[in-house]
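Novice: This is the content of entry_5.cif (mmCIF, C-alpha atoms and all ligand atoms):
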```cif
data_model
#
loop_
_atom_site.label_atom_id
_atom_site.label_comp_id
_atom_site.auth_asym_id
_atom_site.auth_seq_id
_atom_site.Cartn_x
_atom_site.Cartn_y
_atom_site.Cartn_z
CA MET F 1 101.59 256.89 109.10
CA THR F 2 104.65 254.74 108.51
CA ASP F 3 103.86 251.19 107.43
CA HIS F 4 106.02 249.04 109.69
CA GLY F 5 105.15 245.75 108.01
CA ARG F 6 103.85 242.57 109.62
CA ARG F 7 106.96 240.92 111.11
CA PHE F 8 104.95 239.64 114.08
CA GLN F 9 101.97 238.24 112.20
CA ASP F 10 100.35 235.70 114.58
CA ARG F 11 103.41 235.73 116.85
CA ARG F 12 102.49 235.15 120.49
CA VAL F 13 104.00 237.93 122.59
CA VAL F 14 104.03 238.72 126.32
CA VAL F 15 104.86 242.33 127.27
CA THR F 16 105.33 243.39 130.89
CA GLY F 17 105.05 247.05 131.88
CA ALA F 18 102.54 247.45 129.06
CA GLY F 19 100.44 249.98 130.97
CA SER F 20 102.74 252.94 130.24
CA GLY F 21 105.77 254.32 128.43
CA ILE F 22 108.08 251.91 126.62
CA GLY F 23 105.96 248.83 127.42
CA ARG F 24 102.87 250.48 125.97
CA ALA F 25 104.74 251.71 122.88
CA THR F 26 106.14 248.20 122.36
CA ALA F 27 102.72 246.58 122.73
CA LEU F 28 101.26 249.01 120.19
CA ARG F 29 104.13 248.53 117.74
CA LEU F 30 103.96 244.74 117.90
CA ALA F 31 100.15 244.80 117.66
CA GLU F 32 100.48 246.96 114.54
CA GLU F 33 102.87 244.36 113.12
CA GLY F 34 100.36 241.56 113.66
CA ALA F 35 101.22 240.11 117.10
CA ARG F 36 98.78 238.35 119.41
CA LEU F 37 99.48 239.82 122.81
CA LEU F 38 99.29 239.16 126.51
CA LEU F 39 99.84 242.47 128.29
CA VAL F 40 100.95 242.61 131.92
CA ASP F 41 101.16 245.50 134.37
CA ARG F 42 100.32 246.25 137.97
CA ASP F 43 98.43 249.36 136.78
CA GLU F 44 94.96 248.28 135.66
CA ALA F 45 93.90 251.67 134.28
CA GLY F 46 97.12 251.97 132.28
CA LEU F 47 96.63 248.53 130.76
CA ALA F 48 93.04 249.35 129.81
CA GLU F 49 94.24 252.50 128.06
CA THR F 50 96.88 250.55 126.12
CA ALA F 51 94.25 248.02 125.07
CA GLN F 52 92.00 250.79 123.86
CA LEU F 53 94.83 252.34 121.84
CA ALA F 54 95.62 248.96 120.26
CA GLY F 55 92.27 248.89 118.49
CA GLY F 56 91.38 245.57 116.94
CA ALA F 57 94.47 243.50 117.84
CA GLU F 58 94.07 240.28 119.84
CA LEU F 59 94.85 241.33 123.39
CA HIS F 60 94.72 239.63 126.75
CA GLN F 61 95.51 241.48 129.96
CA LEU F 62 96.66 240.50 133.43
CA VAL F 63 97.03 242.89 136.35
CA GLY F 64 99.66 242.13 138.96
CA SER F 65 103.31 242.42 139.95
CA VAL F 66 106.14 240.66 138.13
CA ALA F 67 107.93 240.52 141.48
CA GLU F 68 105.37 237.97 142.73
CA PRO F 69 106.11 234.35 141.74
CA LEU F 70 102.48 233.23 141.94
CA PHE F 71 101.41 236.04 139.61
CA VAL F 72 104.23 235.24 137.20
CA ASN F 73 103.05 231.62 137.04
CA GLN F 74 99.58 232.91 136.27
CA VAL F 75 101.04 234.96 133.40
CA VAL F 76 102.70 232.00 131.70
CA ASP F 77 99.67 229.75 132.29
CA THR F 78 97.45 232.39 130.70
CA ALA F 79 99.84 232.67 127.75
CA ALA F 80 99.60 228.90 127.25
CA GLN F 81 95.81 228.89 127.49
CA GLU F 82 94.94 232.03 125.55
CA LEU F 83 97.78 232.27 123.02
CA GLY F 84 98.84 228.61 122.87
CA GLY F 85 102.45 229.45 123.85
CA ILE F 86 105.02 232.24 123.81
CA ASP F 87 107.20 233.27 120.86
CA VAL F 88 108.49 236.54 122.33
CA LEU F 89 108.85 237.74 125.91
CA CYS F 90 109.48 241.46 126.45
CA ASN F 91 110.36 242.27 130.07
CA ILE F 92 109.86 246.01 130.28
CA ALA F 93 108.24 246.58 133.71
CA GLY F 94 110.53 248.59 135.93
CA ILE F 95 110.80 251.21 138.65
CA LEU F 96 113.30 253.99 139.28
CA ARG F 97 114.28 255.64 142.54
CA PHE F 98 116.73 258.52 142.93
CA ASN F 99 118.58 258.82 146.20
CA ASN F 100 121.95 259.43 147.78
CA LEU F 101 123.76 256.26 148.72
CA ALA F 102 123.52 257.17 152.40
CA ASP F 103 119.74 257.64 152.22
CA THR F 104 119.02 254.49 150.21
CA THR F 105 117.19 252.24 152.65
CA LEU F 106 117.34 248.47 152.52
CA GLU F 107 113.61 248.50 151.81
CA GLU F 108 114.10 250.74 148.76
CA TRP F 109 117.04 248.59 147.58
CA ASN F 110 114.96 245.40 147.86
CA GLN F 111 111.97 247.00 146.17
CA VAL F 112 113.98 248.15 143.13
CA LEU F 113 115.94 244.90 142.83
CA GLY F 114 112.69 242.96 143.38
CA VAL F 115 110.89 244.45 140.39
CA ASN F 116 113.72 245.17 137.94
CA LEU F 117 115.96 242.16 138.46
CA THR F 118 113.99 239.50 140.33
CA GLY F 119 110.90 240.25 138.23
CA THR F 120 112.93 239.75 135.06
CA PHE F 121 114.41 236.51 136.43
CA LEU F 122 110.99 235.15 137.46
CA MET F 123 109.43 235.92 134.08
CA CYS F 124 112.30 234.38 132.11
CA GLN F 125 112.41 231.26 134.27
CA ALA F 126 108.67 230.68 134.10
CA ALA F 127 108.42 231.36 130.34
CA MET F 128 111.50 229.34 129.32
CA PRO F 129 109.72 225.98 128.74
CA GLN F 130 107.31 227.67 126.31
CA LEU F 131 110.15 229.61 124.65
CA LEU F 132 112.17 226.40 124.20
CA GLU F 133 109.18 224.83 122.53
CA SER F 134 108.69 227.74 120.13
CA ARG F 135 112.42 228.54 119.74
CA GLY F 136 111.39 232.03 120.69
CA ASN F 137 113.25 234.97 122.11
CA ILE F 138 113.49 237.33 125.07
CA VAL F 139 114.12 241.07 125.17
CA ASN F 140 115.02 242.39 128.62
CA THR F 141 115.19 246.07 129.53
CA ALA F 142 118.29 247.52 131.13
CA SER F 143 119.39 251.18 131.02
CA THR F 144 122.39 253.32 130.29
CA ALA F 145 122.76 253.13 134.09
CA ALA F 146 123.93 249.54 133.57
CA LEU F 147 126.70 250.56 131.19
CA ALA F 148 128.30 253.66 132.72
CA GLY F 149 128.32 255.39 136.08
CA HIS F 150 124.94 256.91 136.86
CA PRO F 151 124.72 259.07 139.99
CA TRP F 152 122.12 258.80 142.78
CA THR F 153 120.69 255.49 141.60
CA ALA F 154 122.59 252.80 143.52
CA ALA F 155 119.73 250.31 143.59
CA TYR F 156 118.51 251.05 140.07
CA SER F 157 122.01 250.87 138.54
CA ALA F 158 122.72 247.59 140.34
CA SER F 159 119.40 246.13 139.20
CA LYS F 160 120.01 247.05 135.57
CA GLY F 161 123.61 245.83 135.65
CA GLY F 162 122.17 242.58 136.94
CA VAL F 163 119.70 242.44 134.05
CA VAL F 164 122.58 242.70 131.55
CA ALA F 165 124.67 239.98 133.20
CA PHE F 166 121.66 237.71 133.75
CA SER F 167 120.58 238.12 130.10
CA LYS F 168 124.03 237.30 128.76
CA GLY F 169 123.97 234.17 130.88
CA LEU F 170 120.64 233.11 129.39
CA ALA F 171 121.95 233.86 125.88
CA ILE F 172 124.74 231.33 126.41
CA GLU F 173 122.72 228.80 128.38
CA PHE F 174 119.84 228.61 125.88
CA GLY F 175 121.20 230.05 122.60
CA ARG F 176 122.11 226.68 121.11
CA GLN F 177 118.64 225.42 121.93
CA GLY F 178 117.25 228.19 119.75
CA VAL F 179 116.22 230.75 122.36
CA ARG F 180 117.81 234.16 121.83
CA THR F 181 118.06 236.65 124.70
CA ASN F 182 118.94 240.29 124.08
CA VAL F 183 118.88 243.52 126.06
CA VAL F 184 117.75 247.01 125.19
CA ALA F 185 119.42 249.80 127.18
CA PRO F 186 117.44 253.04 126.88
CA GLY F 187 118.42 256.47 128.14
CA SER F 188 116.50 259.76 128.36
CA ILE F 189 113.18 258.53 127.04
CA GLU F 190 110.16 260.71 127.75
CA THR F 191 107.90 258.57 129.93
CA PRO F 192 106.29 258.95 133.37
CA ILE F 193 109.27 257.18 135.00
CA GLN F 194 111.21 260.42 134.55
CA ASN F 195 108.94 262.05 137.15
CA GLU F 196 110.98 260.11 139.70
CA PHE F 197 113.96 262.35 139.01
CA PHE F 198 115.09 264.80 141.65
CA PHE F 199 118.42 266.09 142.93
CA PRO F 200 119.20 264.42 146.25
CA GLU F 201 120.37 266.77 148.96
CA GLY F 202 123.89 268.05 148.33
CA ALA F 203 124.01 266.53 144.82
CA ASP F 204 126.67 267.86 142.45
CA HIS F 205 124.45 269.20 139.63
CA SER F 206 127.27 268.99 137.10
CA LEU F 207 126.92 265.20 137.22
CA LEU F 208 123.58 265.58 135.50
CA LYS F 209 125.23 265.51 132.09
CA ARG F 210 126.10 261.84 132.75
CA ILE F 211 122.44 261.00 132.41
CA MET F 212 121.18 263.50 129.82
CA ALA F 213 120.79 262.55 126.16
CA PHE F 214 123.51 263.83 123.83
CA ASP F 215 121.04 265.39 121.41
CA GLN F 216 117.60 265.34 123.01
CA SER F 217 115.11 263.12 124.72
CA ARG F 218 112.76 261.17 122.54
CA GLY F 219 109.52 259.27 122.96
CA PRO F 220 109.17 255.58 123.89
CA GLU F 221 108.33 254.59 120.30
CA TYR F 222 112.07 254.91 119.52
CA VAL F 223 112.81 252.13 122.01
CA ALA F 224 109.84 250.10 120.81
CA SER F 225 111.28 250.11 117.28
CA VAL F 226 114.60 248.71 118.59
CA ILE F 227 112.78 246.02 120.57
CA ALA F 228 110.68 245.14 117.52
CA PHE F 229 113.82 244.84 115.39
CA VAL F 230 115.74 242.55 117.73
CA ALA F 231 112.70 240.40 118.58
CA SER F 232 111.82 239.90 114.91
CA GLU F 233 113.53 237.69 112.33
CA ASP F 234 115.52 240.80 111.35
CA GLY F 235 117.41 240.23 114.61
CA ALA F 236 117.85 236.48 114.10
CA HIS F 237 121.65 236.62 114.36
CA MET F 238 121.61 238.61 117.60
CA CYS F 239 121.94 236.80 120.90
CA GLY F 240 123.37 238.27 124.10
CA SER F 241 123.55 241.75 122.54
CA VAL F 242 122.98 244.98 124.43
CA LEU F 243 121.33 247.58 122.18
CA ARG F 244 121.83 251.10 123.47
CA CYS F 245 119.05 253.57 122.56
CA ASP F 246 120.05 256.81 124.28
CA GLY F 247 120.48 259.59 121.72
CA GLY F 248 124.23 259.32 122.11
CA THR F 249 124.52 259.82 125.89
CA LEU F 250 127.21 257.17 126.25
CA SER F 251 128.96 257.80 122.93
N1 LIG D 1 112.33 256.28 130.32
C1 LIG D 1 113.64 256.20 130.38
O1 LIG D 1 114.37 257.19 130.19
C2 LIG D 1 114.30 254.86 130.66
C3 LIG D 1 115.69 254.79 130.61
C4 LIG D 1 116.32 253.59 130.88
C5 LIG D 1 115.58 252.46 131.16
N2 LIG D 1 114.22 252.54 131.21
C6 LIG D 1 113.51 251.30 131.55
O2 LIG D 1 112.44 251.09 130.66
C7 LIG D 1 111.43 250.32 131.30
C8 LIG D 1 110.09 250.98 131.09
O3 LIG D 1 110.10 252.24 131.72
P1 LIG D 1 109.27 253.48 131.20
O4 LIG D 1 110.23 254.56 130.94
O5 LIG D 1 108.35 253.06 130.14
O6 LIG D 1 108.49 253.87 132.55
P2 LIG D 1 106.96 253.90 132.91
O7 LIG D 1 106.90 254.26 134.35
O8 LIG D 1 106.23 254.73 131.92
O9 LIG D 1 106.48 252.39 132.72
C9 LIG D 1 106.81 251.36 133.62
C10 LIG D 1 105.64 250.41 133.72
O10 LIG D 1 106.03 249.29 134.54
C11 LIG D 1 104.94 249.00 135.40
N3 LIG D 1 105.42 248.31 136.58
C12 LIG D 1 106.23 248.80 137.56
N4 LIG D 1 106.42 247.88 138.49
C13 LIG D 1 105.75 246.77 138.10
C14 LIG D 1 105.57 245.49 138.66
N5 LIG D 1 106.11 245.15 139.83
N6 LIG D 1 104.83 244.59 137.99
C15 LIG D 1 104.23 244.92 136.81
N7 LIG D 1 104.35 246.14 136.25
C16 LIG D 1 105.10 247.04 136.88
C17 LIG D 1 104.35 250.37 135.74
O11 LIG D 1 103.04 250.27 136.27
C18 LIG D 1 104.42 251.07 134.40
O12 LIG D 1 103.26 250.85 133.65
C19 LIG D 1 111.85 250.23 132.78
O13 LIG D 1 112.43 248.96 133.01
C20 LIG D 1 112.86 251.34 132.92
O14 LIG D 1 113.78 251.09 133.95
C21 LIG D 1 113.56 253.70 130.96
#
```
Translate this structure into structure tokens?
Specialist:
Amino acid sequence: MTDHGRRFQDRRVVVTGAGSGIGRATALRLAEEGARLLLVDRDEAGLAETAQLAGGAELHQLVGSVAEPLFVNQVVDTAAQELGGIDVLCNIAGILRFNNLADTTLEEWNQVLGVNLTGTFLMCQAAMPQLLESRGNIVNTASTAALAGHPWTAAYSASKGGVVAFSKGLAIEFGRQGVRTNVVAPGSIETPIQNEFFFPEGADHSLLKRIMAFDQSRGPEYVASVIAFVASEDGAHMCGSVLRCDGGTLS
């Protein structure tokens, strides 16, 4: 096993979406590097599995939706009580829906924006006082869909474009006060979210290459390593950056 070092020794970290995929891989990577963690997901069974995989690390768990302001307040209160503050906030929870523009309902639009963009906003807003105190940092999760045209994902693409713009705003607004905000933009990562993929009726299949990895798909640990880099002191001079991790899709 690779020894990744202990860059997060005793660092207090909140990870959303920690019950699966990239969130789980990030929680495990940061736990391995010494972090004390508060893991958040709406999927209780997924969170329990992550906790089991993390072995002996200090872990706290909260089940709920990041799209709900009352729950988000509970998350930051729990971080204050159990961890004594927040050094790193990783907003990874997200949902994906494929659909033609014409078939995208307002309900679906609001649902996707509500989790991916509003959830990220709520978490950052609520955690900011603790991050200002610790001079900590935020890593938000966008997608290649935020950086280049991505078919059949109007709501998802808009939500992730919003995450990039919102994060750059935070980087400027709080950077001089010592809080860095950066974005990771994955593409073609093998996680359960990919089960959402289907060709909408009448879709031009040749557009698929816009969203396929240049070389091959890879596992979520390859995104976790990028998140760990930028959230650690190794990334201390990065603020407002968008780190693409997509096997070359957008090259
Ligand atoms: N896998 C990819 O190829 C890919 C590409 C680009 C971006 N992303 C982004 O990476 C992030 C993680 O996705 P993943 O691939 O690990 O998918 P995943 O489905 O494996 O994990 C997403 C996790 O978020 C949780 N979640 C969803 N809605 C939530 C809510 N309202 N509150 C709390 N938790 C919630 C889910 O329960 C799940 O555990 C997402 O933001 C996704 O958009 C993934």
Novice: Give the answer as one residue: which of F:Ala51, F:Ile193, F:Cys245, F:Leu38 has the shortest atom-to-atom distance to Tyr222 (chain F), using only C-alpha atoms?
Specialist: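 Closest candidate: F:Cys245.
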Novice: How would you report the residues lying within 6 Å of ligand LIG 1 (chain D), as a ChimeraX atom specification, if you count all atoms listed in the file?
Specialist: /F:17-23,41-43,64-67,92-95,115,141-143,186-193
Novice: Could you tell me how far CA of Phe98 (chain F) sits from CA of Phe198 (chain F), in Å to one decimal place?
Specialist: 6.6 Å
Novice: Can you list, as number ranges by chain, every protein, DNA or RNA residue that comes within 8 Å of region 27-31 of chain F when you count only C-alpha atoms, leaving out same-chain residues fewer than 6 positions away?
Specialist: F: 8, 15, 18, 37, 39, 50, 53-54, 57-58, 221, 224-225, 228
Novice: Leaving out region 130-134 of chain F and any residue of its chain fewer than 2 positions from it, which residues lie within 6 Å of it when counting all atoms listed in the file, given as a ChimeraX atom specification?
Specialist: /F:85-87,127-128,136
Novice: Ranking F:Leu47, F:Leu170, F:Val179, F:Val139 by minimum distance to Val242 (chain F) and counting all atoms listed in the file, which one comes first?
Specialist: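 Going through F:Leu47, F:Leu170, F:Val179, F:Val139 one by one, the smallest distance to Val242 (chain F) is for F:Val139.
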Novice: Using all atoms listed in the file, which residues sit within 12 Å of Leu208 (chain F) once same-chain residues fewer than 4 positions away are excluded, as a ChimeraX atom specification?
Specialist: /F:149-152,188,197-200,203-204,212-214,249
Novice: One decimal, Å: what's the distance from CA of Gly240 (chain F) over to CA of Gln81 (chain F), could you say?
Specialist: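 So the answer is 29.3 Å.
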Novice: For the atom pair CA of Pro220 (chain F) and CA of Arg180 (chain F), what is the interatomic distance in Å to one decimal place?
Specialist: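 Taking CA of Pro220 (chain F) and CA of Arg180 (chain F), their separation equals 23.2 Å.
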Novice: Would you mind listing what lies within 12 Å of Ala154 (chain F) as an MDAnalysis selection string, with only C-alpha atoms counted and same-chain residues fewer than 6 positions away left out?
Specialist: chainID F and resid 96:106 108:110 112:113 145:146 160:161
Novice: Take every atom of region 236-245 of chain F listed in the file, pad by 3 Å on each side, and give me the axis-aligned box centre and edge lengths in Å, one decimal, as AutoDock Vina command-line options.
Specialist:
```
--center_x 120.7 --center_y 245.0 --center_z 119.3 --size_x 11.7 --size_y 23.1 --size_z 16.3
```
Novice: Which one is closest to His237 (chain F): F:Ser251, F:Asn91, F:Thr181, F:Ser217? Count all atoms listed in the file.
Specialist: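 Comparing F:Ser251, F:Asn91, F:Thr181, F:Ser217 against His237 (chain F), the winner is F:Thr181.
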Novice: Give me the residues near Glu68 (chain F) as a list in words, where near means some atom within 9 Å (using all atoms listed in the file) and where sequence neighbours in that chain fewer than 5 positions away do not count.
Specialist: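 The neighbour list is Asn73, Gly114, Val115, Gly119 and Leu122 of chain F.
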Novice: Nearest to Cys90 (chain F) among F:Thr120, F:Gln74, F:Ser157, F:Ser241, with distances taken over all atoms listed in the file: which residue is it?
Specialist: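 Using all atoms listed in the file, the shortest distance to Cys90 (chain F) belongs to F:Thr120.
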Novice: Step by step: locate region 128-154 of chain F in the block above, keep N, CA, C and O atoms, then write the file as a PDB file, in the first residue's frame.
Specialist:
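Result file selection_12.pdb:
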```pdb
ATOM      1  N   MET F 128     -18.579  29.036   7.211  1.00  0.00           N
ATOM      2  CA  MET F 128     -17.591  30.107   7.051  1.00  0.00           C
ATOM      3  C   MET F 128     -17.095  30.690   8.381  1.00  0.00           C
ATOM      4  O   MET F 128     -15.868  30.909   8.529  1.00  0.00           O
ATOM      5  N   PRO F 129     -17.949  30.939   9.379  1.00  0.00           N
ATOM      6  CA  PRO F 129     -17.395  31.483  10.633  1.00  0.00           C
ATOM      7  C   PRO F 129     -16.312  30.583  11.240  1.00  0.00           C
ATOM      8  O   PRO F 129     -15.280  31.082  11.707  1.00  0.00           O
ATOM      9  N   GLN F 130     -16.534  29.272  11.190  1.00  0.00           N
ATOM     10  CA  GLN F 130     -15.531  28.342  11.749  1.00  0.00           C
ATOM     11  C   GLN F 130     -14.284  28.303  10.869  1.00  0.00           C
ATOM     12  O   GLN F 130     -13.163  28.162  11.363  1.00  0.00           O
ATOM     13  N   LEU F 131     -14.466  28.421   9.557  1.00  0.00           N
ATOM     14  CA  LEU F 131     -13.307  28.413   8.642  1.00  0.00           C
ATOM     15  C   LEU F 131     -12.492  29.693   8.792  1.00  0.00           C
ATOM     16  O   LEU F 131     -11.258  29.667   8.691  1.00  0.00           O
ATOM     17  N   LEU F 132     -13.154  30.807   9.050  1.00  0.00           N
ATOM     18  CA  LEU F 132     -12.436  32.068   9.264  1.00  0.00           C
ATOM     19  C   LEU F 132     -11.599  31.975  10.542  1.00  0.00           C
ATOM     20  O   LEU F 132     -10.471  32.474  10.597  1.00  0.00           O
ATOM     21  N   GLU F 133     -12.157  31.318  11.524  1.00  0.00           N
ATOM     22  CA  GLU F 133     -11.434  31.164  12.784  1.00  0.00           C
ATOM     23  C   GLU F 133     -10.189  30.292  12.608  1.00  0.00           C
ATOM     24  O   GLU F 133      -9.132  30.586  13.168  1.00  0.00           O
ATOM     25  N   SER F 134     -10.322  29.229  11.826  1.00  0.00           N
ATOM     26  CA  SER F 134      -9.199  28.294  11.661  1.00  0.00           C
ATOM     27  C   SER F 134      -8.292  28.661  10.492  1.00  0.00           C
ATOM     28  O   SER F 134      -7.261  28.030  10.282  1.00  0.00           O
ATOM     29  N   ARG F 135      -8.701  29.679   9.695  1.00  0.00           N
ATOM     30  CA  ARG F 135      -8.025  29.979   8.421  1.00  0.00           C
ATOM     31  C   ARG F 135      -7.935  28.684   7.596  1.00  0.00           C
ATOM     32  O   ARG F 135      -6.872  28.287   7.121  1.00  0.00           O
ATOM     33  N   GLY F 136      -9.089  28.077   7.467  1.00  0.00           N
ATOM     34  CA  GLY F 136      -9.182  26.788   6.797  1.00  0.00           C
ATOM     35  C   GLY F 136      -9.443  26.914   5.314  1.00  0.00           C
ATOM     36  O   GLY F 136      -9.224  27.969   4.717  1.00  0.00           O
ATOM     37  N   ASN F 137      -9.917  25.833   4.709  1.00  0.00           N
ATOM     38  CA  ASN F 137     -10.188  25.904   3.275  1.00  0.00           C
ATOM     39  C   ASN F 137     -11.351  25.017   2.856  1.00  0.00           C
ATOM     40  O   ASN F 137     -11.753  24.093   3.584  1.00  0.00           O
ATOM     41  N   ILE F 138     -11.873  25.343   1.670  1.00  0.00           N
ATOM     42  CA  ILE F 138     -13.032  24.652   1.103  1.00  0.00           C
ATOM     43  C   ILE F 138     -12.624  24.022  -0.223  1.00  0.00           C
ATOM     44  O   ILE F 138     -11.916  24.642  -1.023  1.00  0.00           O
ATOM     45  N   VAL F 139     -13.103  22.790  -0.453  1.00  0.00           N
ATOM     46  CA  VAL F 139     -13.009  22.196  -1.788  1.00  0.00           C
ATOM     47  C   VAL F 139     -14.435  21.874  -2.239  1.00  0.00           C
ATOM     48  O   VAL F 139     -15.126  21.082  -1.589  1.00  0.00           O
ATOM     49  N   ASN F 140     -14.875  22.517  -3.299  1.00  0.00           N
ATOM     50  CA  ASN F 140     -16.191  22.232  -3.862  1.00  0.00           C
ATOM     51  C   ASN F 140     -16.043  21.340  -5.089  1.00  0.00           C
ATOM     52  O   ASN F 140     -15.001  21.343  -5.757  1.00  0.00           O
ATOM     53  N   THR F 141     -17.115  20.602  -5.406  1.00  0.00           N
ATOM     54  CA  THR F 141     -17.046  19.646  -6.511  1.00  0.00           C
ATOM     55  C   THR F 141     -17.907  20.106  -7.680  1.00  0.00           C
ATOM     56  O   THR F 141     -19.125  20.235  -7.550  1.00  0.00           O
ATOM     57  N   ALA F 142     -17.233  20.368  -8.791  1.00  0.00           N
ATOM     58  CA  ALA F 142     -17.962  20.710 -10.022  1.00  0.00           C
ATOM     59  C   ALA F 142     -17.939  19.484 -10.923  1.00  0.00           C
ATOM     60  O   ALA F 142     -18.194  18.358 -10.492  1.00  0.00           O
ATOM     61  N   SER F 143     -17.614  19.672 -12.184  1.00  0.00           N
ATOM     62  CA  SER F 143     -17.627  18.586 -13.176  1.00  0.00           C
ATOM     63  C   SER F 143     -17.058  19.152 -14.471  1.00  0.00           C
ATOM     64  O   SER F 143     -17.064  20.372 -14.682  1.00  0.00           O
ATOM     65  N   THR F 144     -16.637  18.258 -15.353  1.00  0.00           N
ATOM     66  CA  THR F 144     -16.281  18.729 -16.686  1.00  0.00           C
ATOM     67  C   THR F 144     -17.496  19.400 -17.354  1.00  0.00           C
ATOM     68  O   THR F 144     -17.329  20.234 -18.236  1.00  0.00           O
ATOM     69  N   ALA F 145     -18.690  19.029 -16.889  1.00  0.00           N
ATOM     70  CA  ALA F 145     -19.915  19.627 -17.450  1.00  0.00           C
ATOM     71  C   ALA F 145     -19.994  21.129 -17.180  1.00  0.00           C
ATOM     72  O   ALA F 145     -20.780  21.833 -17.820  1.00  0.00           O
ATOM     73  N   ALA F 146     -19.177  21.612 -16.228  1.00  0.00           N
ATOM     74  CA  ALA F 146     -19.154  23.047 -15.934  1.00  0.00           C
ATOM     75  C   ALA F 146     -18.208  23.787 -16.868  1.00  0.00           C
ATOM     76  O   ALA F 146     -18.249  25.013 -16.965  1.00  0.00           O
ATOM     77  N   LEU F 147     -17.345  23.041 -17.560  1.00  0.00           N
ATOM     78  CA  LEU F 147     -16.236  23.672 -18.280  1.00  0.00           C
ATOM     79  C   LEU F 147     -16.367  23.584 -19.795  1.00  0.00           C
ATOM     80  O   LEU F 147     -15.691  24.297 -20.523  1.00  0.00           O
ATOM     81  N   ALA F 148     -17.191  22.660 -20.271  1.00  0.00           N
ATOM     82  CA  ALA F 148     -17.408  22.516 -21.721  1.00  0.00           C
ATOM     83  C   ALA F 148     -18.807  21.947 -21.925  1.00  0.00           C
ATOM     84  O   ALA F 148     -19.376  21.353 -21.001  1.00  0.00           O
ATOM     85  N   GLY F 149     -19.330  22.120 -23.109  1.00  0.00           N
ATOM     86  CA  GLY F 149     -20.691  21.667 -23.389  1.00  0.00           C
ATOM     87  C   GLY F 149     -20.880  20.190 -23.111  1.00  0.00           C
ATOM     88  O   GLY F 149     -20.064  19.353 -23.528  1.00  0.00           O
ATOM     89  N   HIS F 150     -21.909  19.856 -22.401  1.00  0.00           N
ATOM     90  CA  HIS F 150     -22.171  18.488 -21.962  1.00  0.00           C
ATOM     91  C   HIS F 150     -23.634  18.210 -22.304  1.00  0.00           C
ATOM     92  O   HIS F 150     -24.514  18.871 -21.753  1.00  0.00           O
ATOM     93  N   PRO F 151     -23.900  17.298 -23.236  1.00  0.00           N
ATOM     94  CA  PRO F 151     -25.279  17.127 -23.687  1.00  0.00           C
ATOM     95  C   PRO F 151     -26.197  16.487 -22.646  1.00  0.00           C
ATOM     96  O   PRO F 151     -25.720  15.756 -21.779  1.00  0.00           O
ATOM     97  N   TRP F 152     -27.466  16.754 -22.744  1.00  0.00           N
ATOM     98  CA  TRP F 152     -28.558  16.086 -22.014  1.00  0.00           C
ATOM     99  C   TRP F 152     -28.503  16.274 -20.502  1.00  0.00           C
ATOM    100  O   TRP F 152     -29.038  15.456 -19.752  1.00  0.00           O
ATOM    101  N   THR F 153     -27.837  17.326 -20.076  1.00  0.00           N
ATOM    102  CA  THR F 153     -27.706  17.561 -18.624  1.00  0.00           C
ATOM    103  C   THR F 153     -27.898  19.046 -18.316  1.00  0.00           C
ATOM    104  O   THR F 153     -27.064  19.649 -17.639  1.00  0.00           O
ATOM    105  N   ALA F 154     -28.985  19.626 -18.796  1.00  0.00           N
ATOM    106  CA  ALA F 154     -29.173  21.077 -18.629  1.00  0.00           C
ATOM    107  C   ALA F 154     -29.067  21.493 -17.170  1.00  0.00           C
ATOM    108  O   ALA F 154     -28.309  22.419 -16.822  1.00  0.00           O
TER     109      ALA F 154
END
```
